[in-house]
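Trainee: File structure.cif below, mmCIF, C-alpha atoms:
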```cif
data_query
#
loop_
_atom_site.label_atom_id
_atom_site.label_comp_id
_atom_site.auth_asym_id
_atom_site.auth_seq_id
_atom_site.Cartn_x
_atom_site.Cartn_y
_atom_site.Cartn_z
CA MET A 1 0.00 0.00 0.00
CA SER A 2 1.53 3.32 -1.06
CA GLU A 3 1.98 6.17 1.41
CA ASN A 4 1.88 9.94 1.24
CA LYS A 5 4.66 11.67 3.13
CA ILE A 6 5.15 15.38 3.76
CA ILE A 7 8.75 16.59 4.10
CA ASP A 8 8.97 19.93 5.85
CA ALA A 9 12.16 21.52 4.52
CA ARG A 10 11.03 25.12 4.98
CA ASP A 11 13.61 27.61 6.25
CA THR A 12 16.61 25.35 5.98
CA TYR A 13 20.00 25.97 4.42
CA CYS A 14 21.76 22.75 5.29
CA PRO A 15 21.19 20.02 4.30
CA GLY A 16 18.64 21.85 2.12
CA PRO A 17 15.36 20.82 0.49
CA LEU A 18 16.67 18.65 -2.36
CA MET A 19 19.05 16.79 -0.07
CA GLU A 20 16.10 16.20 2.30
CA LEU A 21 14.03 14.87 -0.59
CA ILE A 22 16.80 12.46 -1.61
CA THR A 23 17.06 11.24 2.00
CA TYR A 24 13.34 10.48 2.25
CA MET A 25 13.19 9.06 -1.28
CA LYS A 26 15.66 6.38 -0.20
CA GLN A 27 13.34 5.41 2.68
CA ALA A 28 10.19 5.38 0.51
CA SER A 29 8.71 2.47 -1.46
CA VAL A 30 7.93 2.52 -5.18
CA GLY A 31 4.55 4.17 -5.64
CA ASP A 32 4.80 6.36 -2.52
CA THR A 33 4.08 10.07 -2.93
CA LEU A 34 6.33 12.64 -1.28
CA GLU A 35 5.34 16.27 -0.86
CA LEU A 36 8.32 18.55 -0.29
CA LEU A 37 7.68 21.91 1.39
CA SER A 38 10.37 24.46 0.59
CA THR A 39 10.90 28.20 0.99
CA ASP A 40 13.97 28.03 -1.26
CA GLU A 41 13.13 29.62 -4.63
CA GLY A 42 15.67 27.33 -6.29
CA SER A 43 13.63 24.25 -5.39
CA ALA A 44 11.08 24.95 -8.11
CA ALA A 45 13.79 24.29 -10.69
CA ASP A 46 16.33 21.98 -9.07
CA VAL A 47 13.84 19.45 -7.67
CA PRO A 48 12.17 18.71 -11.06
CA GLU A 49 15.63 18.59 -12.66
CA TRP A 50 16.74 15.84 -10.29
CA VAL A 51 13.41 13.99 -10.33
CA ASN A 52 13.41 13.84 -14.12
CA LYS A 53 17.05 12.85 -14.37
CA VAL A 54 16.67 9.95 -11.94
CA GLY A 55 13.36 8.84 -13.43
CA HIS A 56 10.82 9.52 -10.70
CA GLU A 57 7.52 11.25 -11.51
CA MET A 58 6.82 14.92 -10.89
CA LEU A 59 3.12 15.17 -9.92
CA GLY A 60 2.80 18.86 -9.20
CA SER A 61 4.44 22.10 -8.23
CA GLU A 62 2.70 25.12 -6.75
CA LYS A 63 3.55 28.04 -4.50
CA VAL A 64 1.13 28.72 -1.64
CA ASP A 65 1.73 31.61 0.77
CA GLY A 66 5.42 31.72 -0.05
CA VAL A 67 5.95 27.97 0.30
CA TRP A 68 6.65 25.66 -2.64
CA HIS A 69 4.68 22.40 -2.54
CA LEU A 70 6.41 19.89 -4.80
CA LYS A 71 4.76 16.49 -5.21
CA ILE A 72 6.78 13.54 -6.45
CA ARG A 73 5.97 9.87 -6.89
CA LYS A 74 8.77 7.34 -6.42
CA ALA A 75 8.86 5.41 -9.69
CA LYS A 76 11.80 3.03 -9.29
CA MET B 1 12.58 14.77 39.45
CA ARG B 2 14.50 12.15 37.50
CA ILE B 3 16.31 13.33 34.36
CA LEU B 4 17.71 10.58 32.17
CA ILE B 5 20.15 11.30 29.33
CA VAL B 6 20.68 8.51 26.80
CA GLY B 7 23.86 8.99 24.81
CA GLY B 8 27.30 10.28 25.77
CA GLY B 9 28.33 12.11 22.61
CA THR B 10 28.64 15.85 22.12
CA GLY B 11 24.96 16.68 22.66
CA GLY B 12 24.29 14.39 25.60
CA THR B 13 27.48 15.37 27.41
CA ILE B 14 26.85 19.12 27.09
CA VAL B 15 23.24 18.72 28.28
CA ALA B 16 24.40 16.66 31.26
CA ASN B 17 27.11 19.11 32.32
CA ASN B 18 24.91 22.18 31.83
CA LEU B 19 22.15 20.62 33.90
CA ALA B 20 24.59 19.47 36.56
CA ARG B 21 25.65 23.07 37.11
CA ARG B 22 22.26 24.75 36.66
CA LEU B 23 20.64 22.27 39.05
CA SER B 24 23.53 21.71 41.46
CA ALA B 25 21.48 22.79 44.50
CA GLU B 26 18.53 20.61 43.52
CA ILE B 27 20.82 17.62 42.94
CA ARG B 28 22.55 18.23 46.28
CA ASN B 29 19.14 18.39 48.04
CA ARG B 30 18.09 15.19 46.24
CA LYS B 31 15.18 16.93 44.53
CA VAL B 32 16.75 16.11 41.15
CA ARG B 33 18.62 13.03 40.03
CA LEU B 34 20.67 13.30 36.85
CA THR B 35 21.63 10.05 35.13
CA MET B 36 23.52 9.39 31.89
CA LEU B 37 23.55 6.07 30.07
CA SER B 38 26.14 5.63 27.33
CA ALA B 39 27.32 2.83 25.10
CA SER B 40 30.99 3.68 25.71
CA ASP B 41 33.36 4.73 28.49
CA ARG B 42 35.29 6.80 25.93
CA HIS B 43 34.39 10.02 24.12
CA MET B 44 35.66 10.66 20.61
CA TYR B 45 36.32 14.04 18.99
CA GLN B 46 34.87 12.98 15.66
CA PRO B 47 36.06 15.94 13.51
CA GLY B 48 39.59 14.75 14.22
CA LEU B 49 39.07 11.71 11.98
CA LEU B 50 39.75 13.90 8.94
CA TYR B 51 43.21 14.68 10.37
CA VAL B 52 43.82 10.96 11.01
CA ALA B 53 43.02 10.26 7.36
CA PHE B 54 45.86 12.61 6.36
CA GLY B 55 48.38 11.53 8.99
CA GLN B 56 48.09 14.75 10.98
CA MET B 57 46.73 13.12 14.13
CA THR B 58 46.80 9.60 15.56
CA PRO B 59 43.60 7.99 16.81
CA ASP B 60 44.61 8.04 20.49
CA GLN B 61 44.60 11.84 20.34
CA LEU B 62 40.87 11.82 19.60
CA TYR B 63 39.72 10.23 22.85
CA ARG B 64 39.08 11.19 26.47
CA ASP B 65 37.65 9.10 29.26
CA GLN B 66 33.93 9.96 29.33
CA ARG B 67 33.75 10.05 33.15
CA SER B 68 36.53 12.66 33.20
CA LEU B 69 34.36 14.98 31.08
CA LEU B 70 31.35 14.84 33.39
CA GLU B 71 30.51 16.84 36.49
CA PRO B 72 30.83 14.62 39.58
CA ASN B 73 27.11 14.93 40.46
CA ILE B 74 26.10 13.09 37.28
CA ASP B 75 25.24 9.43 37.80
CA PHE B 76 27.05 7.87 34.82
CA HIS B 77 26.73 4.28 33.63
CA VAL B 78 28.19 2.49 30.62
CA ASP B 79 25.07 0.49 29.88
CA PRO B 80 23.40 1.15 26.53
CA VAL B 81 19.61 1.33 26.34
CA GLU B 82 17.95 -1.49 24.45
CA LYS B 83 14.25 -0.77 25.08
CA PHE B 84 12.47 2.55 25.26
CA GLN B 85 9.07 2.19 27.00
CA LEU B 86 7.91 5.76 26.60
CA ASP B 87 4.33 5.05 27.75
CA LYS B 88 5.75 3.90 31.08
CA ASN B 89 8.47 6.60 31.26
CA GLN B 90 11.20 4.01 31.51
CA VAL B 91 14.03 2.39 29.58
CA THR B 92 15.70 -1.00 29.88
CA THR B 93 19.42 -1.40 29.35
CA LYS B 94 21.71 -4.10 27.99
CA SER B 95 22.51 -5.25 31.53
CA GLY B 96 18.80 -5.74 32.19
CA LYS B 97 18.33 -2.75 34.50
CA THR B 98 15.29 -0.52 34.26
CA TYR B 99 15.62 3.25 34.63
CA GLU B 100 12.52 5.36 35.24
CA TYR B 101 12.46 9.04 34.35
CA ASP B 102 10.34 12.16 34.47
CA MET B 103 12.28 13.80 31.64
CA LEU B 104 14.22 11.93 28.98
CA VAL B 105 16.91 13.25 26.63
CA ILE B 106 17.75 11.09 23.62
CA ALA B 107 21.09 11.84 21.96
CA THR B 108 22.20 8.51 20.55
CA GLY B 109 23.77 9.88 17.37
CA SER B 110 24.12 8.29 13.96
CA ARG B 111 26.11 5.57 12.22
CA ILE B 112 27.54 5.00 8.77
CA VAL B 113 25.73 2.50 6.55
CA PRO B 114 28.00 1.96 3.51
CA GLU B 115 26.47 -1.50 3.19
CA THR B 116 23.27 0.11 1.84
CA VAL B 117 25.14 0.85 -1.41
CA PRO B 118 26.26 -2.33 -3.24
CA GLY B 119 30.04 -2.55 -3.42
CA LEU B 120 30.75 0.59 -1.39
CA THR B 121 32.19 -1.18 1.66
CA GLU B 122 34.59 -3.23 -0.45
CA GLY B 123 35.38 -0.59 -3.04
CA ALA B 124 35.74 2.71 -1.22
CA GLU B 125 37.93 4.29 1.42
CA THR B 126 36.32 6.53 4.03
CA PHE B 127 37.33 8.33 7.21
CA TYR B 128 34.21 8.21 9.37
CA THR B 129 35.55 5.61 11.83
CA GLU B 130 38.94 5.21 13.50
CA ALA B 131 39.77 2.02 11.58
CA THR B 132 38.70 3.34 8.17
CA ALA B 133 40.48 6.68 8.67
CA VAL B 134 43.76 4.87 9.40
CA LYS B 135 43.21 2.57 6.41
CA MET B 136 42.48 5.54 4.18
CA PHE B 137 45.71 7.26 5.22
CA LYS B 138 47.69 4.12 4.39
CA ARG B 139 46.06 4.01 0.95
CA LEU B 140 46.81 7.70 0.33
CA ARG B 141 50.39 7.22 1.48
CA GLU B 142 51.01 4.39 -0.96
CA PHE B 143 49.20 6.17 -3.82
CA GLU B 144 51.71 7.28 -6.42
CA GLY B 145 49.34 8.73 -9.00
CA GLY B 146 46.13 8.12 -10.93
CA ARG B 147 42.46 8.92 -10.76
CA ILE B 148 40.77 9.60 -7.43
CA ALA B 149 36.98 9.75 -7.33
CA VAL B 150 35.12 11.24 -4.37
CA VAL B 151 31.44 10.34 -3.95
CA VAL B 152 28.94 11.56 -1.36
CA GLY B 153 26.17 9.47 0.22
CA VAL B 154 22.89 10.90 1.51
CA PRO B 155 22.26 11.76 4.27
CA HIS B 156 25.70 12.29 5.76
CA LYS B 157 27.19 13.71 8.91
CA CYS B 158 29.12 16.98 8.57
CA PRO B 159 28.02 18.40 5.21
CA ILE B 160 31.24 20.42 5.02
CA ALA B 161 33.38 17.25 5.09
CA PRO B 162 33.31 16.56 1.32
CA VAL B 163 34.73 20.03 0.62
CA GLU B 164 37.35 19.77 3.37
CA LEU B 165 38.39 16.38 2.03
CA ILE B 166 39.14 17.83 -1.41
CA PHE B 167 41.21 20.71 0.00
CA SER B 168 43.14 18.31 2.23
CA MET B 169 43.85 15.90 -0.61
CA HIS B 170 45.09 18.69 -2.85
CA ASP B 171 47.51 19.92 -0.18
CA TYR B 172 48.57 16.40 0.79
CA PHE B 173 49.61 15.40 -2.73
CA LYS B 174 51.12 18.83 -3.35
CA ALA B 175 53.32 18.38 -0.27
CA ARG B 176 54.42 14.99 -1.58
CA GLY B 177 55.30 16.58 -4.91
CA ILE B 178 52.99 14.36 -6.97
CA ARG B 179 49.90 16.55 -7.31
CA ASP B 180 50.45 16.69 -11.09
CA LYS B 181 50.19 12.88 -11.21
CA VAL B 182 46.86 12.78 -9.38
CA SER B 183 43.52 13.71 -10.94
CA ILE B 184 40.65 14.31 -8.53
CA LYS B 185 36.99 14.10 -9.52
CA TYR B 186 34.33 15.27 -7.08
CA HIS B 187 30.76 13.95 -7.37
CA TYR B 188 27.87 15.58 -5.54
CA PRO B 189 24.22 14.49 -5.16
CA ILE B 190 22.43 17.73 -6.10
CA GLY B 191 22.71 20.17 -8.98
CA ARG B 192 25.48 22.37 -7.53
CA MET B 193 28.74 21.46 -5.86
CA HIS B 194 27.51 22.07 -2.30
CA THR B 195 24.09 22.06 -0.72
CA ILE B 196 24.63 25.50 0.88
CA GLU B 197 24.49 27.93 -2.01
CA ASN B 198 27.01 30.36 -0.52
CA VAL B 199 29.45 27.52 0.23
CA ALA B 200 29.12 26.43 -3.41
CA LYS B 201 29.77 29.98 -4.62
CA TRP B 202 32.86 30.21 -2.41
CA ALA B 203 34.22 26.73 -3.12
CA LYS B 204 33.70 26.56 -6.90
CA PRO B 205 36.54 28.98 -7.84
CA GLU B 206 38.76 27.29 -5.24
CA PHE B 207 38.08 23.90 -6.85
CA ASP B 208 38.78 25.42 -10.29
CA ARG B 209 42.08 26.79 -8.98
CA MET B 210 43.04 23.32 -7.70
CA GLY B 211 42.02 21.64 -10.96
CA ILE B 212 39.23 19.54 -9.44
CA GLU B 213 36.78 18.02 -11.91
CA ILE B 214 33.16 18.29 -10.71
CA GLU B 215 30.13 16.17 -11.58
CA THR B 216 26.84 17.17 -9.95
CA LEU B 217 23.57 15.21 -9.74
CA PHE B 218 25.50 12.05 -8.89
CA ASN B 219 23.89 9.78 -6.27
CA VAL B 220 25.88 6.62 -5.74
CA LYS B 221 23.96 3.58 -6.93
CA GLU B 222 26.66 0.90 -6.90
CA VAL B 223 30.39 0.30 -6.93
CA ASP B 224 32.03 -2.34 -9.11
CA ALA B 225 35.19 -2.79 -7.05
CA GLU B 226 36.65 -5.37 -9.41
CA HIS B 227 36.52 -3.12 -12.46
CA LYS B 228 36.91 0.10 -10.43
CA VAL B 229 33.76 1.79 -11.65
CA VAL B 230 31.24 3.77 -9.59
CA ARG B 231 27.75 4.27 -11.04
CA SER B 232 25.07 6.82 -10.22
CA GLU B 233 21.29 6.66 -9.85
CA GLU B 234 21.25 9.28 -12.60
CA GLY B 235 22.79 6.88 -15.13
CA THR B 236 26.42 8.04 -15.31
CA GLU B 237 29.61 6.27 -14.27
CA THR B 238 33.19 7.11 -13.36
CA GLN B 239 36.36 5.02 -13.61
CA TYR B 240 38.79 5.38 -10.73
CA ASP B 241 42.02 4.08 -9.29
CA LEU B 242 41.11 5.12 -5.74
CA LEU B 243 37.54 5.74 -4.57
CA ILE B 244 36.85 7.79 -1.46
CA ALA B 245 33.30 7.96 -0.10
CA ILE B 246 31.43 10.11 2.33
CA PRO B 247 29.20 7.21 3.38
CA PRO B 248 25.43 7.45 3.84
CA HIS B 249 24.22 7.54 7.43
CA LYS B 250 21.30 6.31 9.50
CA GLY B 251 20.28 6.88 13.09
CA MET B 252 21.15 4.21 15.61
CA GLU B 253 19.60 0.75 15.35
CA VAL B 254 18.05 1.00 18.82
CA ILE B 255 15.90 3.89 17.59
CA GLU B 256 14.62 1.87 14.63
CA GLU B 257 14.14 -1.29 16.71
CA ASN B 258 11.95 0.63 19.17
CA ASN B 259 9.93 2.25 16.36
CA LEU B 260 10.88 5.74 17.50
CA GLY B 261 11.65 6.99 14.01
CA SER B 262 12.11 5.85 10.43
CA ALA B 263 15.76 5.15 9.53
CA GLY B 264 16.67 5.91 13.14
CA TRP B 265 15.76 9.61 12.98
CA ILE B 266 13.24 10.67 15.63
CA PRO B 267 10.46 13.12 14.62
CA THR B 268 11.34 16.27 16.55
CA ASP B 269 9.83 19.74 16.98
CA ARG B 270 12.29 22.07 15.27
CA PHE B 271 11.92 24.81 17.90
CA LYS B 272 11.17 23.00 21.18
CA LEU B 273 13.39 19.99 20.39
CA THR B 274 10.81 17.69 21.96
CA MET B 275 9.86 14.40 20.38
CA LYS B 276 6.59 14.54 18.44
CA ASP B 277 3.65 13.93 20.81
CA ARG B 278 6.01 13.45 23.78
CA ASP B 279 6.49 16.65 25.74
CA ASN B 280 8.79 15.05 28.34
CA VAL B 281 11.16 13.58 25.73
CA TYR B 282 13.87 15.82 24.23
CA VAL B 283 15.87 14.86 21.15
CA LEU B 284 19.05 16.49 19.89
CA GLY B 285 22.08 16.11 17.68
CA ASP B 286 22.20 13.62 14.84
CA THR B 287 19.23 11.71 16.34
CA THR B 288 16.59 14.24 15.23
CA ASN B 289 14.82 14.18 11.87
CA LEU B 290 15.25 17.96 11.62
CA PRO B 291 16.42 19.55 8.37
CA VAL B 292 19.54 20.72 10.20
CA SER B 293 23.19 19.74 9.64
CA LYS B 294 24.22 16.61 11.46
CA THR B 295 27.24 18.11 13.21
CA GLY B 296 28.67 18.50 16.67
CA SER B 297 28.00 22.20 16.31
CA ALA B 298 24.25 21.71 15.85
CA ALA B 299 24.25 19.28 18.79
CA HIS B 300 26.11 21.87 20.88
CA PHE B 301 23.64 24.71 20.25
CA GLU B 302 20.66 22.38 20.63
CA ALA B 303 22.10 21.11 23.91
CA GLU B 304 22.25 24.63 25.30
CA VAL B 305 18.54 25.12 24.54
CA VAL B 306 17.51 21.73 25.92
CA SER B 307 19.45 22.11 29.17
CA GLU B 308 18.28 25.68 29.73
CA ASN B 309 14.66 24.67 29.15
CA ILE B 310 14.76 21.57 31.36
CA ALA B 311 16.33 23.59 34.18
CA SER B 312 13.72 26.33 33.72
CA ILE B 313 10.85 23.85 33.79
CA ILE B 314 12.15 22.57 37.12
CA LYS B 315 12.78 26.05 38.54
CA ILE B 316 9.86 28.11 37.18
CA GLY B 317 7.57 25.60 35.51
CA THR B 318 8.10 26.62 31.89
CA PRO B 319 10.71 26.46 29.13
CA VAL B 320 12.30 29.80 28.24
CA ARG B 321 13.52 29.67 24.67
CA ASP B 322 13.38 28.02 21.27
CA TYR B 323 16.16 26.58 19.11
CA ASP B 324 16.69 28.91 16.15
CA GLY B 325 18.53 26.41 13.95
CA LYS B 326 21.97 27.83 14.74
CA VAL B 327 24.99 26.00 13.33
CA TYR B 328 28.64 27.14 13.18
CA CYS B 329 30.97 25.06 11.03
CA PHE B 330 34.68 25.55 10.56
CA ILE B 331 35.77 24.85 6.99
CA GLU B 332 39.36 23.70 6.63
CA ALA B 333 40.53 24.95 3.21
CA GLY B 334 43.62 22.77 3.11
CA HIS B 335 46.43 22.38 5.61
CA ASP B 336 47.04 26.05 6.38
CA ARG B 337 43.84 28.06 5.72
CA ALA B 338 40.25 27.93 6.96
CA THR B 339 36.98 29.82 6.98
CA TYR B 340 33.61 29.20 8.60
CA ALA B 341 29.87 29.02 7.88
CA MET B 342 27.40 30.27 10.49
CA PHE B 343 23.66 30.13 9.82
CA ASN B 344 20.25 29.42 11.31
CA TYR B 345 16.73 28.74 10.08
CA GLN B 346 16.31 32.30 8.80
CA ASN B 347 19.78 33.49 7.79
CA PRO B 348 22.12 31.83 5.28
CA PRO B 349 25.88 31.78 5.90
CA ASP B 350 28.07 34.55 4.53
CA LEU B 351 31.37 32.95 3.56
CA LYS B 352 34.58 34.92 4.06
CA PRO B 353 37.86 34.19 2.25
CA ALA B 354 39.90 31.47 3.96
CA THR B 355 42.73 32.75 6.16
CA LYS B 356 45.64 31.34 8.13
CA PRO B 357 44.43 32.79 11.48
CA MET B 358 41.10 30.97 11.08
CA HIS B 359 43.02 27.73 10.51
CA TRP B 360 45.02 28.40 13.68
CA PHE B 361 41.73 29.00 15.52
CA LYS B 362 40.39 25.69 14.24
CA THR B 363 43.61 23.99 15.36
CA ALA B 364 43.14 25.52 18.79
CA TYR B 365 39.48 24.47 18.83
CA ASN B 366 40.55 20.87 18.31
CA GLN B 367 41.81 21.10 21.91
CA MET B 368 39.19 23.58 23.15
CA TYR B 369 36.53 20.99 22.26
CA TRP B 370 37.24 19.27 25.55
CA THR B 371 36.33 22.47 27.37
CA SER B 372 33.31 22.93 25.12
CA VAL B 373 31.92 19.47 25.77
CA ARG B 374 32.21 20.09 29.50
CA GLY B 375 29.70 22.87 28.90
CA LEU B 376 32.18 25.60 29.79
CA LEU B 377 32.62 27.23 26.37
#
```
Let me see the structure of the file written as structure tokens.

Mentor:
Amino acid sequence: MSENKIIDARDTYCPGPLMELITYMKQASVGDTLELLSTDEGSAADVPEWVNKVGHEMLGSEKVDGVWHLKIRKAK
Amino acid sequence: MRILIVGGGTGGTIVANNLARRLSAEIRNRKVRLTMLSASDRHMYQPGLLYVAFGQMTPDQLYRDQRSLLEPNIDFHVDPVEKFQLDKNQVTTKSGKTYEYDMLVIATGSRIVPETVPGLTEGAETFYTEATAVKMFKRLREFEGGRIAVVVGVPHKCPIAPVELIFSMHDYFKARGIRDKVSIKYHYPIGRMHTIENVAKWAKPEFDRMGIEIETLFNVKEVDAEHKVVRSEEGTETQYDLLIAIPPHKGMEVIEENNLGSAGWIPTDRFKLTMKDRDNVYVLGDTTNLPVSKTGSAAHFEAEVVSENIASIIKIGTPVRDYDGKVYCFIEAGHDRATYAMFNYQNPPDLKPATKPMHWFKTAYNQMYWTSVRGLL
């Protein structure tokens, strides 16, 4: 059964949102959905770049009240 | 009031010593009992492992007797916890003893898990333990030239370490007069060469100056030690003659075994440093799941908040301050220069050019640590 996990990486400089996503992606199972919360403007570009390069699935990306919500499904 | 501290690393030791002094009267009057349970009777200065890997320190210089670092009014036992029974406010140790508490501090740290990457244990050198740091130095010492690849696992303790490793290697081979025979390729998991943007901006021209090849978006998938190839999740590969890894980490097994947190990281409130849904359980250092660097520095600043708040709860019935995410990291830029990165949840670091005096300060801090961990600095 797949899970939905929220990763709160708001207001963090180290290890940073993408590094947090990679950490939790390793713990997740194929089919799980991860929602990364980030206040780093760079996340809107660098998260999809990594997700696409590795071969996971980008489900959505939107900014709400200054926070990026990036949804990714683990595909492999 | 029974305060139990589980873990005798940087965070646990600073909490214990701070509380021992803040609550000395209460401990003397037997209103408070302060107990520490640790897995070891020795305390290691972990940042020193990088120096061991380059022959600048020997392992015995990294250790002190744990009891010697603790205030005498701390009840200290070398008896690691095996079971956390948080609903009963008690833990059970390896020796079979049960310790009850009113407030619990968990600071059990983290461990390397190179075995989670196929081939990494057999194929790569690392410096995150005493034995592997010594082995890495021997490999570097016998290395006469060729391709060195550096790869970085996720998550890892001390996010500055990959950068320091490169500077140290450059200076080490330069001092041996064979730097021109050694090519160094640095691989990093995300799309720039360091996770902290300002560190990346500072380090990139330094790496260019040293002739370091950089490949970003490289997450180690597997190592073929026989053919000396390391492959990435992203589909690329690098040939090497010597592979050096910053290994991936997990929290301690006892945390996973007791279902306190996935991968051994305990869900923690980023400001209060209490465990999720457990107001009488504090978590600090590497053990938390916080998006904060896993470093002794973070553990240090968290420990100050935890100890001040526990003492305040006992004295006035309420905690007094939040953790603001503060971290201060020295950055060794080779064997004779250093800089630093200081930041918190709201403010990024502002990197200054590396200087010799900052390296001397770092060298001095390697000894001052023992004052720091006593809670005096």

Trainee: Name the closest residue to A:Leu59 among the candidates A:Val30, A:Ala45, A:Ile72, A:Leu36; distances are taken between atoms, counting all atoms listed in the file.

Mentor: A:Ile72

Trainee: Env of A:Ser2: 12 Å cut, atoms = all atoms listed in the file, seq-sep filter 4 positions within chain, self excluded. Answer as a VMD selection string.

Mentor: chain A and resid 28 to 34 73 to 75

Trainee: Generate a file of the selected residues that holds C-alpha atoms, formatted as a JSON list (two decimals), in the coordinates of the input.

Mentor:
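The result, written out as selection_36.json:
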```
[["chain", "number", "residue", "atom", "x", "y", "z"],
["A", 28, "ALA", "CA", 10.19, 5.38, 0.51],
["A", 29, "SER", "CA", 8.71, 2.47, -1.46],
["A", 30, "VAL", "CA", 7.93, 2.52, -5.18],
["A", 31, "GLY", "CA", 4.55, 4.17, -5.64],
["A", 32, "ASP", "CA", 4.80, 6.36, -2.52],
["A", 33, "THR", "CA", 4.08, 10.07, -2.93],
["A", 34, "LEU", "CA", 6.33, 12.64, -1.28],
["A", 73, "ARG", "CA", 5.97, 9.87, -6.89],
["A", 74, "LYS", "CA", 8.77, 7.34, -6.42],
["A", 75, "ALA", "CA", 8.86, 5.41, -9.69]]
```

Trainee: Which polymer residues have any atom within 12 Å of an atom of A:Ala9, counting only C-alpha atoms, with same-chain residues fewer than 2 positions away left out, as a VMD selection string?

Mentor: (chain A and resid 6 to 7 11 to 24 35 to 40 43 67 to 70) or (chain B and resid 270 289 to 292 345)

Trainee: Let's have the selection written as a PDB file, in the coordinates of the input, with C-alpha atoms.

Mentor:
```
ATOM      1  CA  ILE A   6       5.150  15.380   3.760  1.00  0.00           C
ATOM      2  CA  ILE A   7       8.750  16.590   4.100  1.00  0.00           C
ATOM      3  CA  ASP A  11      13.610  27.610   6.250  1.00  0.00           C
ATOM      4  CA  THR A  12      16.610  25.350   5.980  1.00  0.00           C
ATOM      5  CA  TYR A  13      20.000  25.970   4.420  1.00  0.00           C
ATOM      6  CA  CYS A  14      21.760  22.750   5.290  1.00  0.00           C
ATOM      7  CA  PRO A  15      21.190  20.020   4.300  1.00  0.00           C
ATOM      8  CA  GLY A  16      18.640  21.850   2.120  1.00  0.00           C
ATOM      9  CA  PRO A  17      15.360  20.820   0.490  1.00  0.00           C
ATOM     10  CA  LEU A  18      16.670  18.650  -2.360  1.00  0.00           C
ATOM     11  CA  MET A  19      19.050  16.790  -0.070  1.00  0.00           C
ATOM     12  CA  GLU A  20      16.100  16.200   2.300  1.00  0.00           C
ATOM     13  CA  LEU A  21      14.030  14.870  -0.590  1.00  0.00           C
ATOM     14  CA  ILE A  22      16.800  12.460  -1.610  1.00  0.00           C
ATOM     15  CA  THR A  23      17.060  11.240   2.000  1.00  0.00           C
ATOM     16  CA  TYR A  24      13.340  10.480   2.250  1.00  0.00           C
ATOM     17  CA  GLU A  35       5.340  16.270  -0.860  1.00  0.00           C
ATOM     18  CA  LEU A  36       8.320  18.550  -0.290  1.00  0.00           C
ATOM     19  CA  LEU A  37       7.680  21.910   1.390  1.00  0.00           C
ATOM     20  CA  SER A  38      10.370  24.460   0.590  1.00  0.00           C
ATOM     21  CA  THR A  39      10.900  28.200   0.990  1.00  0.00           C
ATOM     22  CA  ASP A  40      13.970  28.030  -1.260  1.00  0.00           C
ATOM     23  CA  SER A  43      13.630  24.250  -5.390  1.00  0.00           C
ATOM     24  CA  VAL A  67       5.950  27.970   0.300  1.00  0.00           C
ATOM     25  CA  TRP A  68       6.650  25.660  -2.640  1.00  0.00           C
ATOM     26  CA  HIS A  69       4.680  22.400  -2.540  1.00  0.00           C
ATOM     27  CA  LEU A  70       6.410  19.890  -4.800  1.00  0.00           C
TER      28      LEU A  70
ATOM     29  CA  ARG B 270      12.290  22.070  15.270  1.00  0.00           C
ATOM     30  CA  ASN B 289      14.820  14.180  11.870  1.00  0.00           C
ATOM     31  CA  LEU B 290      15.250  17.960  11.620  1.00  0.00           C
ATOM     32  CA  PRO B 291      16.420  19.550   8.370  1.00  0.00           C
ATOM     33  CA  VAL B 292      19.540  20.720  10.200  1.00  0.00           C
ATOM     34  CA  TYR B 345      16.730  28.740  10.080  1.00  0.00           C
TER      35      TYR B 345
END
```

Trainee: When the PyMOL selection byres ((chain A and resi 54) around 8) is applied to the file above, which residues end up in the set, as an MDAnalysis selection string?

Mentor: (chainID A and resid 50:53 55:56) or (chainID B and resid 233:235)

Trainee: What lies within 9 Å of B:Val91 using only C-alpha atoms, ignoring chain neighbours under 3 positions off, as number ranges by chain?

Mentor: B: 81-86, 88, 97-101

Trainee: Applied to the shown file, which residues does the PyMOL selection byres ((chain B) within 9 of (chain A)) return, written as a list in words?

Mentor: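 Checked against the file, the PyMOL selection byres ((chain B) within 9 of (chain A)) matches Val154, Pro155, Pro159, Pro189, Ile190, Gly191, Thr195, Ile196, Glu197, Leu217, Asn219, Glu233, Glu234, Gly235, Ser262, Ala263, Leu290, Pro291, Val292, Ser293, Lys294, Gly325, Phe343, Asn344, Tyr345, Gln346, Asn347, Pro348 and Pro349 of chain B.
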
Trainee: Go ahead and compute the interatomic distance for atom CA of B:Val134 and atom CA of B:Ala53, in Å to one decimal.

Mentor: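 Interatomic distance here is 5.8 Å.
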
Trainee: Using only C-alpha atoms, find the one residue out of A:Glu41, A:Glu62, A:Glu57, A:Glu3 that sits nearest to A:Lys76.

Mentor: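 The closest residue to A:Lys76 is A:Glu57.
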
Trainee: What does the PyMOL selection byres ((chain B and resi 161-165) around 7) select in this file, as a VMD selection string?

Mentor: chain B and resid 158 to 160 166 to 169 246 331 to 334

Trainee: What's the 12 Å shell around stretch 247-249 of chain B, counting all atoms listed in the file, without same-chain residues fewer than 5 positions away, as an MDAnalysis selection string?

Mentor: (chainID A and resid 19 22:23 26) or (chainID B and resid 109:121 123:129 132 150:159 161:162 189 219:221 263:265 286:287 294)

Trainee: Just the residues within 12 Å of B:Gln61, please, counting all atoms listed in the file, with nothing from its chain fewer than 4 positions along; format it as an MDAnalysis selection string.

Mentor: chainID B and resid 42:49 51:52 55:57 65 130 366:367 370

Trainee: Around (16.3, 11.2, 20.6) in the file's frame, which residues reach within 8 Å when counting only C-alpha atoms? Return as a VMD selection string?

Mentor: chain B and resid 105 to 108 255 265 to 266 275 281 to 284 287 to 288
